[in-house]
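target.tsv (TSV, C-alpha atoms)
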```tsv
chain	number	residue	atom	x	y	z
A	1	MET	CA	-33.77	-60.84	30.66
A	2	GLY	CA	-36.00	-62.73	28.25
A	3	PHE	CA	-38.09	-59.93	26.72
A	4	SER	CA	-39.22	-60.15	23.09
A	5	HIS	CA	-40.14	-56.47	22.59
A	6	VAL	CA	-39.15	-53.08	23.95
A	7	GLU	CA	-41.16	-49.86	23.91
A	8	ILE	CA	-39.44	-46.79	22.51
A	9	PRO	CA	-41.04	-43.62	23.97
A	10	ILE	CA	-40.53	-40.88	21.39
A	11	GLU	CA	-40.74	-37.79	23.59
A	12	ASP	CA	-38.46	-35.81	21.27
A	13	PRO	CA	-37.68	-37.38	17.87
A	14	ASP	CA	-34.61	-35.16	17.49
A	15	LEU	CA	-32.98	-36.90	20.46
A	16	ILE	CA	-33.31	-40.39	18.95
A	17	ASP	CA	-31.02	-41.75	16.24
A	18	ALA	CA	-33.43	-44.31	14.82
A	19	GLU	CA	-30.76	-46.08	12.76
A	20	ILE	CA	-28.62	-46.72	15.84
A	21	VAL	CA	-31.66	-47.92	17.81
A	22	ALA	CA	-32.69	-50.19	14.91
A	23	SER	CA	-29.21	-51.69	14.80
A	24	ALA	CA	-29.28	-52.33	18.54
A	25	LEU	CA	-32.69	-53.99	18.20
A	26	ARG	CA	-31.37	-56.32	15.50
A	27	ASP	CA	-28.30	-57.16	17.57
A	28	SER	CA	-30.39	-58.01	20.62
A	29	GLY	CA	-33.21	-59.82	18.82
A	30	LEU	CA	-35.78	-57.38	20.20
A	31	GLU	CA	-38.75	-55.93	18.29
A	32	ALA	CA	-39.90	-52.35	18.81
A	33	ILE	CA	-43.15	-50.80	19.96
A	34	ALA	CA	-43.27	-47.04	19.32
A	35	CYS	CA	-45.15	-44.74	21.70
A	36	GLY	CA	-45.77	-41.02	21.38
A	37	ALA	CA	-45.82	-38.35	24.09
A	38	PHE	CA	-48.53	-35.71	23.87
A	39	GLY	CA	-48.08	-32.55	25.89
A	40	PRO	CA	-49.76	-29.12	25.54
A	41	THR	CA	-48.07	-28.32	22.22
A	42	ARG	CA	-49.38	-31.58	20.71
A	43	ASP	CA	-53.11	-31.21	21.23
A	44	LEU	CA	-55.44	-32.14	18.38
A	45	THR	CA	-58.41	-30.70	20.29
A	46	HIS	CA	-56.84	-27.24	20.65
A	47	GLU	CA	-58.69	-24.25	19.18
A	48	ASP	CA	-55.53	-23.03	17.41
A	49	PRO	CA	-54.83	-24.80	14.08
A	50	GLU	CA	-51.13	-24.02	14.52
A	51	VAL	CA	-51.06	-26.42	17.47
A	52	HIS	CA	-52.64	-29.06	15.23
A	53	ARG	CA	-49.94	-28.43	12.62
A	54	GLN	CA	-47.21	-28.92	15.22
A	55	CYS	CA	-48.85	-32.14	16.35
A	56	PHE	CA	-49.17	-33.44	12.78
A	57	GLU	CA	-45.49	-32.70	12.20
A	58	TYR	CA	-44.53	-34.53	15.37
A	59	ILE	CA	-46.71	-37.54	14.53
A	60	SER	CA	-45.30	-37.62	11.00
A	61	ASN	CA	-41.77	-37.78	12.44
A	62	CYS	CA	-42.85	-40.56	14.80
A	63	LEU	CA	-44.43	-42.55	11.97
A	64	ASP	CA	-41.26	-42.20	9.92
A	65	MET	CA	-39.33	-43.48	12.91
A	66	CYS	CA	-41.70	-46.46	13.11
A	67	LEU	CA	-40.60	-47.43	9.60
A	68	VAL	CA	-36.93	-47.34	10.57
A	69	LEU	CA	-37.57	-49.31	13.77
A	70	ASP	CA	-39.88	-51.76	11.97
A	71	ALA	CA	-42.64	-50.92	14.46
A	72	LYS	CA	-46.10	-51.72	13.10
A	73	PHE	CA	-47.99	-48.88	14.75
A	74	LEU	CA	-47.67	-45.68	16.78
A	75	ALA	CA	-49.33	-45.84	20.19
A	76	GLY	CA	-50.47	-43.25	22.69
A	77	PRO	CA	-53.22	-40.80	23.73
A	78	MET	CA	-52.83	-38.71	20.61
A	79	TYR	CA	-56.41	-37.41	20.61
A	80	SER	CA	-55.61	-34.62	23.12
A	81	ALA	CA	-52.95	-33.29	25.48
A	82	VAL	CA	-52.07	-35.34	28.56
A	83	GLY	CA	-53.02	-33.44	31.69
A	84	LYS	CA	-55.97	-31.68	30.05
A	85	ALA	CA	-58.53	-32.52	32.73
A	86	ARG	CA	-61.32	-29.94	33.11
A	87	LEU	CA	-65.00	-29.65	33.86
A	88	ILE	CA	-66.31	-27.95	30.73
A	89	PRO	CA	-69.77	-27.38	29.17
A	90	PRO	CA	-71.19	-30.14	26.94
A	91	GLU	CA	-71.03	-27.84	23.92
A	92	GLN	CA	-67.28	-27.36	24.32
A	93	ARG	CA	-66.80	-31.06	24.96
A	94	ASN	CA	-68.63	-31.85	21.72
A	95	THR	CA	-66.54	-29.31	19.79
A	96	GLU	CA	-63.30	-30.81	21.08
A	97	TRP	CA	-64.53	-34.34	20.38
A	98	ASN	CA	-65.25	-33.40	16.78
A	99	ARG	CA	-61.81	-31.80	16.43
A	100	ALA	CA	-60.23	-35.01	17.70
A	101	VAL	CA	-62.22	-37.09	15.24
A	102	GLU	CA	-61.42	-34.88	12.23
A	103	ASN	CA	-57.74	-34.57	13.06
A	104	LEU	CA	-57.32	-38.27	13.84
A	105	GLN	CA	-58.85	-39.10	10.47
A	106	ILE	CA	-55.92	-37.16	9.01
A	107	VAL	CA	-53.49	-39.01	11.30
A	108	CYS	CA	-54.96	-42.36	10.29
A	109	GLN	CA	-54.40	-41.57	6.65
A	110	MET	CA	-50.83	-40.50	7.43
A	111	ALA	CA	-50.31	-43.90	9.06
A	112	ALA	CA	-52.06	-45.84	6.29
A	113	ASP	CA	-49.89	-44.13	3.67
A	114	ARG	CA	-46.94	-45.79	5.42
A	115	ASN	CA	-48.75	-49.12	5.85
A	116	LEU	CA	-48.96	-48.45	9.62
A	117	GLU	CA	-51.73	-48.16	12.21
A	118	ILE	CA	-52.31	-46.05	15.32
A	119	ALA	CA	-53.25	-47.37	18.76
A	120	LEU	CA	-55.32	-44.89	20.79
A	121	GLU	CA	-54.96	-45.13	24.58
A	122	PRO	CA	-57.60	-44.14	27.16
A	123	LEU	CA	-56.17	-42.34	30.19
A	124	ASN	CA	-57.56	-41.97	33.69
A	125	ARG	CA	-59.67	-38.93	34.56
A	126	PHE	CA	-56.76	-37.11	36.22
A	127	GLU	CA	-54.79	-37.14	32.94
A	128	SER	CA	-57.56	-36.64	30.38
A	129	ASP	CA	-61.14	-35.38	30.25
A	130	LEU	CA	-61.85	-36.81	26.78
A	131	ILE	CA	-61.12	-40.57	26.62
A	132	ASN	CA	-61.08	-42.52	29.90
A	133	THR	CA	-62.56	-45.96	29.21
A	134	ALA	CA	-62.73	-48.70	26.61
A	135	GLU	CA	-66.25	-47.55	25.84
A	136	ASP	CA	-64.95	-44.03	25.17
A	137	VAL	CA	-62.20	-45.16	22.82
A	138	VAL	CA	-64.50	-47.54	20.94
A	139	ARG	CA	-66.91	-44.65	20.34
A	140	LEU	CA	-64.03	-42.47	19.16
A	141	ILE	CA	-62.82	-45.13	16.74
A	142	ASN	CA	-66.33	-45.65	15.42
A	143	ASP	CA	-66.58	-41.92	14.75
A	144	ILE	CA	-63.15	-41.82	13.07
A	145	ASN	CA	-64.26	-44.71	10.87
A	146	HIS	CA	-60.83	-45.51	9.41
A	147	PRO	CA	-59.23	-48.97	9.28
A	148	ALA	CA	-55.93	-47.66	10.69
A	149	ALA	CA	-57.57	-46.62	13.99
A	150	LYS	CA	-56.96	-49.25	16.66
A	151	ILE	CA	-56.80	-49.46	20.49
A	152	LEU	CA	-54.21	-49.64	23.25
A	153	LEU	CA	-55.46	-50.52	26.75
A	154	ASP	CA	-53.33	-49.79	29.82
A	155	GLY	CA	-54.03	-51.82	32.95
A	156	PHE	CA	-53.05	-48.95	35.25
A	157	HIS	CA	-55.65	-46.59	33.82
A	158	MET	CA	-58.19	-49.41	33.63
A	159	THR	CA	-57.94	-50.13	37.37
A	160	ILE	CA	-59.04	-46.54	37.99
A	161	GLU	CA	-61.74	-46.16	35.33
A	162	GLU	CA	-63.22	-49.56	34.47
A	163	ALA	CA	-65.90	-51.29	36.53
A	164	ASP	CA	-64.81	-54.64	35.09
A	165	LEU	CA	-61.46	-55.26	33.39
A	166	GLU	CA	-62.59	-58.33	31.47
A	167	THR	CA	-65.66	-56.57	30.09
A	168	ALA	CA	-63.55	-53.62	28.94
A	169	ILE	CA	-61.15	-55.88	27.05
A	170	ARG	CA	-64.02	-57.75	25.44
A	171	LEU	CA	-65.50	-54.43	24.33
A	172	ALA	CA	-62.24	-53.44	22.63
A	173	GLY	CA	-62.28	-56.82	20.88
A	174	ASP	CA	-60.26	-57.36	17.73
A	175	ARG	CA	-59.39	-53.66	17.53
A	176	LEU	CA	-57.09	-54.09	20.54
A	177	ILE	CA	-53.53	-54.27	19.17
A	178	HIS	CA	-51.45	-53.40	22.24
A	179	VAL	CA	-51.66	-53.81	26.01
A	180	GLN	CA	-49.58	-52.03	28.64
A	181	VAL	CA	-49.51	-53.12	32.26
A	182	SER	CA	-48.17	-52.18	35.65
A	183	GLU	CA	-49.73	-52.44	39.07
A	184	ASN	CA	-52.59	-50.26	40.27
A	185	TYR	CA	-49.96	-48.02	41.91
A	186	ARG	CA	-47.71	-48.21	38.79
A	187	GLY	CA	-45.43	-50.69	40.51
A	188	THR	CA	-44.17	-54.13	39.53
A	189	PRO	CA	-46.87	-56.43	38.09
A	190	GLY	CA	-48.06	-58.92	40.68
A	191	THR	CA	-47.35	-56.78	43.75
A	192	GLY	CA	-50.57	-54.78	44.04
A	193	GLN	CA	-54.35	-54.95	43.78
A	194	THR	CA	-54.86	-55.43	40.03
A	195	ASN	CA	-57.29	-58.21	39.06
A	196	TRP	CA	-54.89	-60.06	36.78
A	197	ASP	CA	-57.21	-63.02	36.32
A	198	ALA	CA	-59.82	-60.70	34.80
A	199	ILE	CA	-57.22	-59.29	32.39
A	200	LYS	CA	-56.21	-62.81	31.40
A	201	ARG	CA	-59.82	-63.90	30.85
A	202	GLY	CA	-60.50	-60.84	28.71
A	203	LEU	CA	-57.45	-61.37	26.51
A	204	GLN	CA	-58.26	-65.05	26.11
A	205	ALA	CA	-61.87	-64.24	25.21
A	206	ILE	CA	-60.82	-62.02	22.27
A	207	ASP	CA	-57.96	-64.34	21.26
A	208	TYR	CA	-55.47	-61.50	21.73
A	209	ARG	CA	-52.19	-62.08	19.89
A	210	GLY	CA	-50.41	-58.79	20.50
A	211	VAL	CA	-47.78	-57.75	23.02
A	212	VAL	CA	-48.35	-57.28	26.75
A	213	SER	CA	-45.68	-54.80	27.81
A	214	ILE	CA	-44.62	-53.42	31.17
A	215	GLU	CA	-44.84	-49.64	31.29
A	216	SER	CA	-42.65	-48.47	34.13
A	217	PHE	CA	-41.71	-45.00	35.29
A	218	THR	CA	-38.92	-43.57	37.39
A	219	PRO	CA	-38.43	-40.02	38.72
A	220	HIS	CA	-34.99	-40.08	37.12
A	221	VAL	CA	-36.58	-39.65	33.67
A	222	GLN	CA	-37.78	-36.14	34.33
A	223	GLU	CA	-39.44	-35.52	30.94
A	224	LEU	CA	-42.02	-38.22	31.68
A	225	ALA	CA	-42.05	-38.30	35.48
A	226	GLY	CA	-43.68	-34.90	35.83
A	227	ALA	CA	-46.41	-35.72	33.34
A	228	VAL	CA	-47.47	-38.85	35.24
A	229	CYS	CA	-46.74	-37.58	38.77
A	230	ILE	CA	-44.00	-40.04	39.69
A	231	TRP	CA	-42.31	-38.40	42.66
A	232	LYS	CA	-40.63	-41.47	44.17
A	233	THR	CA	-39.09	-44.73	43.03
A	234	LEU	CA	-41.57	-47.60	42.72
A	235	ALA	CA	-39.05	-50.46	42.95
A	236	PRO	CA	-35.55	-50.89	44.40
A	237	SER	CA	-34.16	-50.98	40.85
A	238	GLN	CA	-35.50	-50.69	37.32
A	239	ASP	CA	-33.79	-53.97	36.38
A	240	GLY	CA	-35.57	-55.67	39.26
A	241	PHE	CA	-38.86	-54.08	38.17
A	242	ALA	CA	-38.36	-55.54	34.69
A	243	GLU	CA	-37.16	-59.00	35.72
A	244	GLU	CA	-39.78	-59.60	38.41
A	245	GLY	CA	-42.57	-58.17	36.28
A	246	LEU	CA	-41.63	-60.36	33.34
A	247	ALA	CA	-41.50	-63.49	35.50
A	248	PHE	CA	-44.98	-62.72	36.85
A	249	LEU	CA	-46.46	-62.13	33.40
A	250	LYS	CA	-44.87	-65.24	31.92
A	251	ALA	CA	-46.36	-67.32	34.74
A	252	LEU	CA	-49.75	-65.66	34.32
A	253	PHE	CA	-49.94	-66.18	30.56
A	254	LYS	CA	-48.06	-69.49	30.35
A	255	ASP	CA	-51.10	-71.26	28.86
```

Take the structure in the file and give it back as structure tokens.
Amino acid sequence: MGFSHVEIPIEDPDLIDAEIVASALRDSGLEAIACGAFGPTRDLTHEDPEVHRQCFEYISNCLDMCLVLDAKFLAGPMYSAVGKARLIPPEQRNTEWNRAVENLQIVCQMAADRNLEIALEPLNRFESDLINTAEDVVRLINDINHPAAKILLDGFHMTIEEADLETAIRLAGDRLIHVQVSENYRGTPGTGQTNWDAIKRGLQAIDYRGVVSIESFTPHVQELAGAVCIWKTLAPSQDGFAEEGLAFLKALFKD
């Protein structure tokens, strides 16, 4: 199809034979991006330290898989559990923020020990009550204060939460190491209401040199579909989604 990279979503490390995937990547000439999945049992803001331990173990397995896949970082909203969206008192919010900071400092060191980084992803308000915007994630990274802490921005979440896409990208600046995109309705890039010119201007302004990847979902992948509320197909075929989306992005970023 003409892709240079492919994202490997590591929902369950035990279901992935990293050596086989690495061999397939070499055979196809593709490079890997590794993304984590963070449900209720992988919540670094939880009050129970046992949940933190489970999350550390999972992240450790993902980081080890990054080494096998030759992925340079682990991406995802690893600060909290996806779907944790509540109206809570400021005191509790501050407590959970501090837990995220302290635990992500540990995660950053785990990554650095492997010569890797992490890319923290803001989610929209319906999927997270902790980190929703570029401003939020920049503040989190500043509090973590570790060189391995970097940023992933996702155009879908940005269209919900950001007043200006270009400004958000500029704010992330040189700490932005990965970009995911789909349309505002999670469909094929170029078929919806996303302000693609603003995204392009922002990436040009910071001289972005990372990957822009298409993050697509289908109800047929049930482990992920429920978490992101995908109840219907968003394109006639996933191959068509990929091919048409890639053609649009290549035309958009041709210069």

Write out as a Markdown table a residue-level contact list of stretch 138-214 of chain A versus stretch 24-42 of chain A with cut-off 12 Å: for each qualifying residue the closest pair of atoms and the distance in Å to one decimal, counting all atoms listed in the file, rows sorted by chain and residue number upward.
```
| residue | atom | partner | partner_atom | distance |
| --- | --- | --- | --- | --- |
| A:Leu152 | CA | A:Cys35 | CA | 10.4 |
| A:Ile177 | CA | A:Ile33 | CA | 11.0 |
| A:His178 | CA | A:Ile33 | CA | 9.0 |
| A:Val179 | CA | A:Ile33 | CA | 10.9 |
| A:Gln180 | CA | A:Ile33 | CA | 10.9 |
| A:Gly210 | CA | A:Ile33 | CA | 10.8 |
| A:Val211 | CA | A:Ile33 | CA | 8.9 |
| A:Val212 | CA | A:Ile33 | CA | 10.7 |
| A:Ser213 | CA | A:Ile33 | CA | 9.2 |
| A:Ile214 | CA | A:Ile33 | CA | 11.6 |
```

**Prompt:** Taking all atoms listed in the file into account, which of A:Ser216, A:Thr167, A:Ser23, A:Asn142 comes nearest A:Ser182?
**Reply:** A:Ser216

**Message:** I'd like the interatomic distance between atom CA of A:Ala18 and atom CA of A:Val51, to a tenth of an Å.
**Reply:** 25.3 Å

Neighbour list for A:Leu74 as a tab-separated table (two decimals) with C-alpha atoms, in the coordinates of the input, cut-off 12 Å, only C-alpha atoms, skip fewer than 3 positions in-chain:
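Output contents, as saved in selection.tsv:
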```
chain	number	residue	atom	x	y	z
A	7	GLU	CA	-41.16	-49.86	23.91
A	8	ILE	CA	-39.44	-46.79	22.51
A	9	PRO	CA	-41.04	-43.62	23.97
A	10	ILE	CA	-40.53	-40.88	21.39
A	32	ALA	CA	-39.90	-52.35	18.81
A	33	ILE	CA	-43.15	-50.80	19.96
A	34	ALA	CA	-43.27	-47.04	19.32
A	35	CYS	CA	-45.15	-44.74	21.70
A	36	GLY	CA	-45.77	-41.02	21.38
A	37	ALA	CA	-45.82	-38.35	24.09
A	58	TYR	CA	-44.53	-34.53	15.37
A	59	ILE	CA	-46.71	-37.54	14.53
A	60	SER	CA	-45.30	-37.62	11.00
A	61	ASN	CA	-41.77	-37.78	12.44
A	62	CYS	CA	-42.85	-40.56	14.80
A	63	LEU	CA	-44.43	-42.55	11.97
A	64	ASP	CA	-41.26	-42.20	9.92
A	65	MET	CA	-39.33	-43.48	12.91
A	66	CYS	CA	-41.70	-46.46	13.11
A	67	LEU	CA	-40.60	-47.43	9.60
A	69	LEU	CA	-37.57	-49.31	13.77
A	70	ASP	CA	-39.88	-51.76	11.97
A	71	ALA	CA	-42.64	-50.92	14.46
A	77	PRO	CA	-53.22	-40.80	23.73
A	78	MET	CA	-52.83	-38.71	20.61
A	107	VAL	CA	-53.49	-39.01	11.30
A	108	CYS	CA	-54.96	-42.36	10.29
A	110	MET	CA	-50.83	-40.50	7.43
A	111	ALA	CA	-50.31	-43.90	9.06
A	112	ALA	CA	-52.06	-45.84	6.29
A	114	ARG	CA	-46.94	-45.79	5.42
A	115	ASN	CA	-48.75	-49.12	5.85
A	116	LEU	CA	-48.96	-48.45	9.62
A	117	GLU	CA	-51.73	-48.16	12.21
A	118	ILE	CA	-52.31	-46.05	15.32
A	119	ALA	CA	-53.25	-47.37	18.76
A	120	LEU	CA	-55.32	-44.89	20.79
A	121	GLU	CA	-54.96	-45.13	24.58
A	148	ALA	CA	-55.93	-47.66	10.69
A	149	ALA	CA	-57.57	-46.62	13.99
A	150	LYS	CA	-56.96	-49.25	16.66
A	151	ILE	CA	-56.80	-49.46	20.49
A	152	LEU	CA	-54.21	-49.64	23.25
A	177	ILE	CA	-53.53	-54.27	19.17
A	178	HIS	CA	-51.45	-53.40	22.24
```

**Message:** Could you check the closest approach to A:Glu244 for each of A:Gln193, A:Ala100, A:Ile16, A:Met1 and tell me which residue wins, using all atoms listed in the file?
**Reply:**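 Closest residue, counting all atoms listed in the file: A:Met1.
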
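Nearest residue to A:Ala85 among A:Phe56, A:Phe126, A:Phe253, A:Phe248 is A:Phe126, counting all atoms listed in the file.
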
**Item:** Distance in Å - atom CA of A:Ala75 versus atom CA of A:Asn124
**Value:**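 A separation of 16.3 Å between them.
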
**Request:** Would you mind listing what lies within 12 Å of A:Gly173 as a PyMOL selection string, with all atoms listed in the file counted and same-chain residues fewer than 4 positions away left out?
**Result:** chain A and resi 134-135+137-138+150-153+166-169+177-178+202-209

**Asked** When you draw a straight line from atom CA of A:Glu102 to atom CA of A:Gly76, how long is it in Å?
**Response**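 Atom-to-atom, atom CA of A:Glu102 to atom CA of A:Gly76, that is 17.3 Å.
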
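With all atoms listed in the file as the atoms that count, the minimum distance from A:Gln109 to the choices A:Pro147, A:Ile141, A:Phe73, A:Asp14 is reached by A:Pro147.
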
**Prompt:** Hey, what's within 9 Å of A:Leu130 if we count all atoms listed in the file and toss same-chain stuff fewer than 2 positions away? As an NGL selection string, please?
**Reply:** :A and (79-80 or 84-85 or 93 or 96-97 or 122-123 or 125 or 128 or 132 or 136)

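Nearest-residue note for A:Ile106: choosing from A:Met158, A:Ala235, A:Ile144, A:Val21, the minimum distance belongs to A:Ile144, counting only C-alpha atoms.
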
**Request:** Identify the residues around (-46.6, -48.6, 43.5) within a radius of 9 Å, measuring from only C-alpha atoms in the coordinates stated by the file, and give them as a PyMOL selection string.
**Result:** chain A and resi 182-188+191-192+233-235

May I have the residues from that selection written out with C-alpha atoms, as a short mmCIF file (atom, residue, chain, number, x, y, z; two decimals), in the coordinates of the input?
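Printed below is selection12.cif as written:
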```cif
data_model
loop_
_atom_site.label_atom_id
_atom_site.label_comp_id
_atom_site.auth_asym_id
_atom_site.auth_seq_id
_atom_site.Cartn_x
_atom_site.Cartn_y
_atom_site.Cartn_z
CA SER A 182 -48.17 -52.18 35.65
CA GLU A 183 -49.73 -52.44 39.07
CA ASN A 184 -52.59 -50.26 40.27
CA TYR A 185 -49.96 -48.02 41.91
CA ARG A 186 -47.71 -48.21 38.79
CA GLY A 187 -45.43 -50.69 40.51
CA THR A 188 -44.17 -54.13 39.53
CA THR A 191 -47.35 -56.78 43.75
CA GLY A 192 -50.57 -54.78 44.04
CA THR A 233 -39.09 -44.73 43.03
CA LEU A 234 -41.57 -47.60 42.72
CA ALA A 235 -39.05 -50.46 42.95
#
```
